[in-house]
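Coordinates from structure_13.cif are shown below (mmCIF, C-alpha atoms).
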data_target
#
loop_
_atom_site.label_atom_id
_atom_site.label_comp_id
_atom_site.auth_asym_id
_atom_site.auth_seq_id
_atom_site.Cartn_x
_atom_site.Cartn_y
_atom_site.Cartn_z
CA MET A 1 0.00 0.00 0.00
CA ASN A 2 1.28 3.45 -0.91
CA PRO A 3 0.64 6.22 1.60
CA LEU A 4 -2.03 8.66 0.45
CA THR A 5 -1.16 11.94 -1.23
CA LEU A 6 -2.47 15.13 0.39
CA ASP A 7 -5.55 15.35 -1.81
CA LYS A 8 -6.47 11.72 -1.07
CA ALA A 9 -5.74 12.17 2.64
CA PHE A 10 -8.22 15.07 2.74
CA GLN A 11 -10.65 12.78 0.91
CA LEU A 12 -10.15 10.14 3.62
CA TYR A 13 -10.81 12.81 6.24
CA ASP A 14 -14.02 13.73 4.42
CA ILE A 15 -15.17 10.11 4.70
CA ILE A 16 -14.23 9.29 8.30
CA GLY A 17 -13.64 12.70 9.90
CA LYS A 18 -16.88 12.61 11.85
CA TYR A 19 -15.97 9.28 13.47
CA LEU A 20 -12.59 10.43 14.78
CA PRO A 21 -12.41 10.89 18.55
CA GLU A 22 -10.74 13.86 20.24
CA ILE A 23 -6.97 13.48 20.30
CA ASN A 24 -5.71 12.39 23.68
CA GLU A 25 -1.93 12.68 24.24
CA GLU A 26 -1.89 9.24 25.88
CA ASP A 27 -3.73 7.45 23.04
CA ASP A 28 -1.75 5.21 20.75
CA ALA A 29 -2.77 4.68 17.13
CA LEU A 30 -4.45 1.34 17.79
CA GLU A 31 -6.66 2.70 20.57
CA PHE A 32 -7.54 5.67 18.37
CA ILE A 33 -8.44 3.42 15.42
CA GLY A 34 -10.40 1.13 17.76
CA THR A 35 -12.56 4.10 18.77
CA ILE A 36 -13.11 4.96 15.10
CA LEU A 37 -14.30 1.40 14.46
CA ASP A 38 -16.66 1.61 17.46
CA ASN A 39 -18.03 4.95 16.23
CA LEU A 40 -18.54 3.58 12.72
CA ASP A 41 -20.25 0.54 14.15
CA GLU A 42 -22.59 2.66 16.27
CA SER A 43 -23.44 4.91 13.34
CA ASN A 44 -24.43 1.98 11.14
CA GLN A 45 -22.74 3.70 8.19
CA ARG A 46 -20.94 0.74 6.65
CA GLN A 47 -20.59 2.57 3.36
CA ASN A 48 -18.05 4.95 4.91
CA TYR A 49 -16.03 2.01 6.21
CA VAL A 50 -16.02 0.44 2.74
CA ASP A 51 -15.23 3.74 1.00
CA ALA A 52 -12.25 4.33 3.30
CA ILE A 53 -10.74 0.92 2.51
CA MET A 54 -11.37 1.37 -1.23
CA LEU A 55 -9.63 4.75 -1.15
CA MET A 56 -6.60 3.61 0.85
CA PHE A 57 -5.99 0.36 -1.06
CA GLU A 58 -7.40 1.23 -4.47
CA VAL A 59 -9.57 -1.89 -4.50
CA THR A 60 -12.97 -2.24 -6.10
CA LEU A 61 -16.18 -3.03 -4.25
CA GLU A 62 -16.26 -6.49 -5.87
CA GLU A 63 -12.75 -7.27 -4.68
CA LEU A 64 -13.65 -6.12 -1.19
CA GLN A 65 -16.82 -8.21 -1.09
CA LYS A 66 -14.80 -11.34 -1.84
CA MET A 67 -12.59 -10.80 1.20
CA PRO A 68 -13.37 -12.30 4.61
CA SER A 69 -14.53 -9.67 7.13
CA GLU A 70 -11.38 -10.13 9.29
CA GLU A 71 -9.24 -9.24 6.30
CA ARG A 72 -11.30 -6.12 5.67
CA ILE A 73 -10.87 -5.02 9.28
CA ASN A 74 -7.11 -5.65 9.06
CA LEU A 75 -6.95 -3.54 5.91
CA PHE A 76 -8.87 -0.74 7.58
CA ILE A 77 -6.64 -0.76 10.66
CA SER A 78 -3.35 -1.01 8.75
CA GLY A 79 -4.48 1.63 6.25
CA LEU A 80 -5.30 4.17 8.95
CA SER A 81 -2.14 3.31 10.85
CA GLU A 82 0.12 3.67 7.76
CA ASN A 83 -1.59 6.93 6.95
CA LYS A 84 -0.98 8.28 10.44
CA ILE A 85 -4.59 9.05 11.15
CA ILE A 86 -3.93 10.95 14.42
CA GLU A 87 -1.47 13.27 12.66
CA LEU A 88 -3.96 13.70 9.82
CA LYS A 89 -6.57 14.97 12.24
CA SER A 90 -4.04 17.39 13.79
CA PHE A 91 -2.99 18.67 10.38
CA CYS A 92 -6.57 19.18 9.24
CA ASN A 93 -7.17 21.20 12.41
CA LEU A 94 -4.03 23.24 11.71
CA VAL A 95 -5.03 24.21 8.18
CA GLY A 96 -8.71 24.62 9.06
CA TYR A 97 -9.95 21.70 6.99
CA SER A 98 -13.36 20.37 8.03
CA TYR A 99 -14.80 17.12 6.78
CA GLY A 100 -17.35 17.74 4.12
CA MET B 1 17.98 36.53 12.65
CA HIS B 2 18.82 33.46 10.59
CA LYS B 3 16.83 30.31 11.33
CA SER B 4 17.06 27.05 9.39
CA SER B 5 15.71 23.52 9.45
CA ILE B 6 15.90 20.36 7.34
CA VAL B 7 12.86 18.69 5.77
CA THR B 8 12.78 15.40 3.88
CA LEU B 9 10.64 15.19 0.75
CA GLY B 10 10.63 12.16 -1.52
CA GLY B 11 13.77 10.78 0.13
CA ARG B 12 15.76 13.99 -0.39
CA GLU B 13 16.71 16.51 2.27
CA TYR B 14 16.05 20.21 1.78
CA GLU B 15 17.34 23.00 3.98
CA ILE B 16 14.72 25.64 4.67
CA THR B 17 15.48 29.08 6.08
CA ASN B 18 13.25 31.82 7.44
CA ALA B 19 12.01 34.13 4.71
CA LYS B 20 12.96 37.77 4.32
CA LEU B 21 10.22 40.39 4.15
CA ARG B 22 9.04 40.15 0.53
CA LYS B 23 8.89 36.36 0.50
CA TRP B 24 7.35 36.30 3.99
CA LEU B 25 4.52 38.56 2.82
CA GLN B 26 3.99 36.26 -0.16
CA LEU B 27 3.77 33.29 2.23
CA GLU B 28 1.37 35.14 4.52
CA ASP B 29 -0.85 36.00 1.53
CA LEU B 30 -0.91 32.31 0.59
CA ARG B 31 -1.84 31.37 4.15
CA GLU B 32 -4.72 33.82 3.96
CA GLU B 33 -5.82 32.31 0.64
CA LEU B 34 -5.55 28.84 2.22
CA ARG B 35 -7.79 30.00 5.07
CA LYS B 36 -10.39 31.12 2.54
CA ALA B 37 -10.02 28.08 0.22
CA ALA B 38 -13.39 26.94 -1.04
CA ASP B 39 -12.90 23.19 -1.40
CA ARG B 40 -10.50 20.27 -1.02
CA GLU B 41 -8.76 20.75 -4.35
CA ASP B 42 -8.30 24.47 -3.78
CA ARG B 43 -6.89 23.90 -0.30
CA THR B 44 -4.50 21.21 -1.52
CA ASN B 45 -3.22 23.45 -4.31
CA LYS B 46 -2.73 26.36 -1.91
CA ILE B 47 -0.57 24.17 0.33
CA TYR B 48 1.50 23.07 -2.69
CA SER B 49 1.88 26.74 -3.76
CA TYR B 50 2.98 27.66 -0.25
CA LEU B 51 5.68 24.98 -0.29
CA SER B 52 6.73 25.89 -3.85
CA VAL B 53 7.44 29.46 -2.68
CA ALA B 54 9.08 28.41 0.60
CA ILE B 55 11.17 25.41 -0.50
CA SER B 56 11.33 24.80 -4.24
CA ASP B 57 9.01 24.73 -7.22
CA ASP B 58 10.95 21.80 -8.76
CA ILE B 59 9.23 19.28 -6.49
CA ASP B 60 6.04 17.47 -7.54
CA TYR B 61 4.25 17.71 -4.19
CA SER B 62 1.16 15.98 -5.59
CA THR B 63 2.98 12.61 -5.69
CA LEU B 64 4.41 12.72 -2.16
CA PRO B 65 2.90 11.07 0.93
CA TRP B 66 0.61 13.56 2.68
CA PHE B 67 2.58 13.40 5.95
CA GLU B 68 5.82 14.53 4.27
CA VAL B 69 3.96 17.48 2.78
CA ALA B 70 2.31 18.23 6.15
CA GLN B 71 5.64 18.00 7.98
CA ALA B 72 7.26 20.39 5.51
CA TYR B 73 4.32 22.81 5.74
CA THR B 74 4.46 22.82 9.54
CA GLU B 75 8.25 23.36 9.56
CA VAL B 76 7.99 26.29 7.15
CA LEU B 77 5.17 27.77 9.19
CA LEU B 78 7.09 27.52 12.47
CA ILE B 79 10.37 28.82 11.11
CA ASN B 80 8.62 31.89 9.74
CA LEU B 81 6.78 32.90 12.90
CA PRO B 82 7.94 36.30 14.15
CA ARG B 83 10.13 36.02 17.27
CA LEU B 84 8.56 38.96 19.08
CA GLU B 85 4.93 39.37 20.11
CA PHE B 86 3.98 42.53 18.25
CA PRO B 87 0.67 44.00 19.45
CA MET B 88 -0.05 45.11 15.87
CA LEU B 89 -0.22 41.45 14.80
CA LYS B 90 -2.80 40.71 17.50
CA SER B 91 -5.24 43.12 15.89
CA ALA B 92 -8.70 41.75 15.19
CA GLY B 93 -7.97 42.50 11.53
CA ASN B 94 -11.46 43.54 10.51
CA TYR B 95 -10.21 45.22 7.39
CA GLU B 96 -12.69 46.70 5.01
CA LYS B 97 -12.72 45.44 1.46
CA VAL B 98 -11.54 48.31 -0.67
CA PRO B 99 -11.90 48.64 -4.44
CA TRP B 100 -8.16 49.29 -4.89
CA ASN B 101 -7.14 45.95 -3.38
CA TYR B 102 -5.50 43.21 -5.52
CA ASP B 103 -3.59 39.95 -5.03
CA GLY B 104 -0.06 40.61 -3.84
CA ARG B 105 -0.79 44.14 -2.61
CA SER B 106 0.71 43.43 0.85
CA TRP B 107 4.26 43.82 -0.48
CA TYR B 108 3.53 47.14 -2.21
CA SER B 109 1.65 48.42 0.80
CA TRP B 110 4.37 47.48 3.33
CA SER B 111 7.28 48.59 1.12
CA HIS B 112 5.54 51.90 0.43
CA ILE B 113 5.11 52.61 4.15
CA ILE B 114 8.76 51.78 4.93
CA ALA B 115 10.19 53.58 1.87
CA ASP B 116 8.09 56.64 2.66
CA SER B 117 9.53 56.86 6.17
CA TYR B 118 13.15 55.82 5.65
CA GLY B 119 13.82 56.35 1.92
CA TRP B 120 15.25 52.84 1.49
CA THR B 121 15.24 51.08 -1.89
CA LEU B 122 12.78 48.28 -2.68
CA ASP B 123 15.64 45.76 -2.93
CA TYR B 124 16.83 46.70 0.54
CA ILE B 125 13.32 46.55 2.02
CA ALA B 126 12.62 43.17 0.36
CA GLU B 127 15.57 41.67 2.25
CA LEU B 128 14.66 43.07 5.67
CA ASP B 129 14.43 40.71 8.62
CA VAL B 130 10.71 40.11 9.28
CA ASP B 131 10.83 41.13 12.96
CA ASP B 132 12.68 44.34 12.06
CA ALA B 133 10.13 45.14 9.38
CA ILE B 134 7.10 44.50 11.61
CA GLY B 135 8.67 46.52 14.44
CA LEU B 136 9.33 49.46 12.11
CA ILE B 137 5.84 49.33 10.58
CA GLN B 138 4.33 49.34 14.06
CA GLU B 139 6.39 52.39 15.08
CA ILE B 140 5.45 54.20 11.86
CA ASN B 141 1.77 53.44 12.51
CA ILE B 142 2.04 54.69 16.10
CA ASP B 143 3.67 57.95 14.92
CA LYS B 144 0.95 58.45 12.33
CA GLN B 145 -1.81 57.69 14.82
CA LEU B 146 -0.41 60.13 17.42
CA ASP B 147 -0.06 62.83 14.73
CA ARG B 148 -3.69 62.27 13.72
CA GLU B 149 -4.80 62.44 17.38
CA TRP B 150 -2.95 65.77 17.79
CA GLU B 151 -4.59 67.22 14.67
CA TRP B 152 -7.96 65.90 15.85
CA MET B 153 -7.51 67.50 19.25
CA LEU B 154 -6.92 70.92 17.61
CA SER B 155 -9.94 70.62 15.35
CA ASP B 156 -13.60 71.52 16.04
CA LYS B 157 -14.60 67.89 15.50
CA SER B 158 -13.00 66.85 18.80
CA VAL B 159 -15.67 68.64 20.86
CA VAL B 160 -19.27 67.48 21.03
CA TYR B 161 -21.95 69.62 22.65
CA ASP B 162 -24.87 68.42 24.75
CA LYS B 163 -28.37 70.03 24.82
CA GLN B 164 -27.23 72.61 27.36
CA GLY B 165 -24.44 73.65 25.02
CA LYS B 166 -21.75 72.21 27.26
CA GLY B 167 -18.77 70.96 25.28
CA LYS B 168 -17.15 67.59 25.92
CA PHE B 169 -13.92 66.24 24.43
CA LYS B 170 -14.38 63.31 22.06
CA GLU B 171 -11.31 61.11 21.62
CA TYR B 172 -10.00 60.16 18.20
CA GLU B 173 -10.54 56.45 17.74
CA ARG B 174 -7.49 54.18 18.11
CA PRO B 175 -6.94 50.83 16.41
CA ASP B 176 -7.74 47.97 18.81
CA TRP B 177 -4.06 46.99 19.26
CA MET B 178 -3.32 50.48 20.66
CA VAL B 179 -6.09 50.37 23.24
CA ASP B 180 -5.15 49.33 26.78
CA LYS B 181 -8.07 47.04 27.48
CA ASP B 182 -7.27 46.75 31.21
CA VAL B 183 -7.60 50.52 31.65
CA VAL B 184 -10.86 50.56 29.69
CA ASP B 185 -12.25 47.73 31.80
CA ARG B 186 -11.31 49.45 35.05
CA THR B 187 -12.89 52.69 33.90
CA HIS B 188 -16.19 51.23 32.80
CA LYS B 189 -16.76 48.17 34.92
CA GLY B 190 -15.08 48.89 38.25
CA THR B 191 -12.97 46.44 40.21
CA TYR B 192 -14.28 42.93 40.69
CA ILE B 193 -13.55 40.64 43.63
CA LYS B 194 -13.38 36.91 42.97
CA LYS B 195 -16.26 34.96 44.47
CA SER B 196 -13.82 32.68 46.27
CA LEU B 197 -12.42 35.67 48.17
CA LEU B 198 -15.80 36.86 49.43
CA PRO B 199 -16.78 36.01 53.06
CA ILE B 200 -18.97 32.96 53.56
CA GLY B 201 -22.21 32.95 55.62
CA ASN B 202 -23.57 35.82 57.74
CA VAL B 203 -21.24 38.75 57.95
CA VAL B 204 -21.01 40.14 61.47
CA ARG B 205 -19.68 43.68 61.59
CA TRP B 206 -18.13 45.35 64.63
CA SER B 207 -21.08 47.72 64.68
CA ASP B 208 -23.50 44.75 64.99
CA GLU B 209 -21.84 43.51 68.20
CA PRO B 210 -23.63 44.40 71.47
CA ALA B 211 -21.83 47.23 73.17
CA ASP B 212 -21.27 45.24 76.41
CA ALA B 213 -20.04 42.03 74.69
#
Output the structure of this file as structure tokens.
Amino acid sequence: MNPLTLDKAFQLYDIIGKYLPEINEEDDALEFIGTILDNLDESNQRQNYVDAIMLMFEVTLEELQKMPSEERINLFISGLSENKIIELKSFCNLVGYSYG
Amino acid sequence: MHKSSIVTLGGREYEITNAKLRKWLQLEDLREELRKAADREDRTNKIYSYLSVAISDDIDYSTLPWFEVAQAYTEVLLINLPRLEFPMLKSAGNYEKVPWNYDGRSWYSWSHIIADSYGWTLDYIAELDVDDAIGLIQEINIDKQLDREWEWMLSDKSVVYDKQGKGKFKEYERPDWMVDKDVVDRTHKGTYIKKSLLPIGNVVRWSDEPADA
């Protein structure tokens, strides 16, 4: 997986920005991503979860549907971790970017 | 004052230094445009433009990982912050839109003010240290403001009359960064005592005590 470019990273923020928790200095990336998964689960918006994976890994919906659910979760977690999701939220705050 | 830092972009290291006045104003204009950017694409392009001016326009920022771009942007931003806390920069900045405004006017406006006061050339002004330039602009603005206040004081407009025909001095308005807010607060609101410092329960005064107690 290639890390996202800035334009794509903003796109990712558009998709999952509303599920990101507040940044806590003590949080590590896995805890942070775990909270995102919980928030996505509570919201019942599976489309956003799917869109995020498709964006980060450039896979089609058909390819994603063929994968076991554990693999999809692993992709989601590794994608957000590789793309430094906590730093992305901080940067978006710095430049005044709000999810659309 | 010279400040420098190293950023890594696409596996290559670049040394960045703090900008001199003309370039700094260009960067500040781009930051303002970034603040007003309408959409994702616009905002992304403004960040790339900012880095092109600050580091190099030979880099294809659109192919780099976002966090390298973000790191570089943050470094450039930090290295170009003025060292001193100039009150003029804390102004609310509610500037009116004027018909004679145009993109890139900041440089012409600042250089005009400095050249008018000191007679320096544009090349010399362009290479001024940013803190020196801001400090000088603030002093020029203070001088101009105090001159205006003096002229105001000597004019008829500085006195307003009530219904009884009694005249009262009306101050010439100052920009918000020249107003001592503490003094204004004390004048208009009085002195406040924190609730935690107030006495608790019934207050018994000496005068309330029975005379024979």
Just checking: using only C-alpha atoms, which residue out of A:Gly79, A:Pro3, A:Gly34, A:Pro21 ends up closest to chain B?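 Closest to chain B of all the choices is A:Pro3.
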Could you list, as a VMD selection string, the residues of chain A having an atom within 10 Å of chain B when counting all atoms listed in the file? chain A and resid 2 to 11 14 83 to 85 87 to 88 90 to 92 94 to 100
Evaluated on this file, the PyMOL selection byres ((chain B and resi 106) around 8) picks out some residues - which ones are they, written as number ranges by chain? B: 25-26, 29, 104-105, 107-110
Surrounding residues of B:Ile79 excluding itself and chain neighbours under 3 positions, 12 Å, all atoms listed in the file, as a PyMOL selection string: chain B and resi 1-7+15-20+24+27+54+72-76+82-83+130
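Across the structure, atom CA of A:Phe32 and atom CA of A:Ile53 are spaced 16.9 Å apart.
Look at stretch 122-127 of chain B: the protein and nucleic acid residues within 8 Å of it, using only C-alpha atoms and passing over chain neighbours fewer than 5 places away, are Lys20, Leu21, Arg22, Lys23, Ser111, Ile114 and Ala115 of chain B.
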With C-alpha atoms kept, could you save the residues just selected as a PDB file, in the frame of the given file?
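File selection_17.pdb, as written:
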ATOM      1  CA  LYS B  20      12.960  37.770   4.320  1.00  0.00           C
ATOM      2  CA  LEU B  21      10.220  40.390   4.150  1.00  0.00           C
ATOM      3  CA  ARG B  22       9.040  40.150   0.530  1.00  0.00           C
ATOM      4  CA  LYS B  23       8.890  36.360   0.500  1.00  0.00           C
ATOM      5  CA  SER B 111       7.280  48.590   1.120  1.00  0.00           C
ATOM      6  CA  ILE B 114       8.760  51.780   4.930  1.00  0.00           C
ATOM      7  CA  ALA B 115      10.190  53.580   1.870  1.00  0.00           C
TER       8      ALA B 115
END
Any idea what's packed within 7 Å of B:Lys170, counting all atoms listed in the file, ignoring anything in its chain fewer than 2 positions away? Could you give it as JSON, numbers by chain? {"B": [158, 159, 160, 168, 172]}
List, as number ranges by chain, every residue that the PyMOL selection byres ((chain A and resi 35) around 12) selects in the file provided. A: 16, 18-24, 27-34, 36-42, 77, 86
Report as a list in words all protein, DNA and RNA residues lying within 8 Å of A:Leu55, evaluated on only C-alpha atoms, omitting residues in the same chain fewer than 4 positions from it.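 Here the qualifying residues turn out to be Lys8, Leu12, Asp51 and Val59 of chain A.
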As an exercise, work out the distance from atom CA of B:Leu84 to atom CA of B:Asp131 in Å and give it to one decimal place.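 Atom CA of B:Asp131 lies 6.9 Å from atom CA of B:Leu84.
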Taking the file above as input, evaluate the PyMOL selection byres ((chain B and resi 86) around 10) and report the hits as an MDAnalysis selection string. chainID B and resid 82:85 87:91 131 134:135 138 177
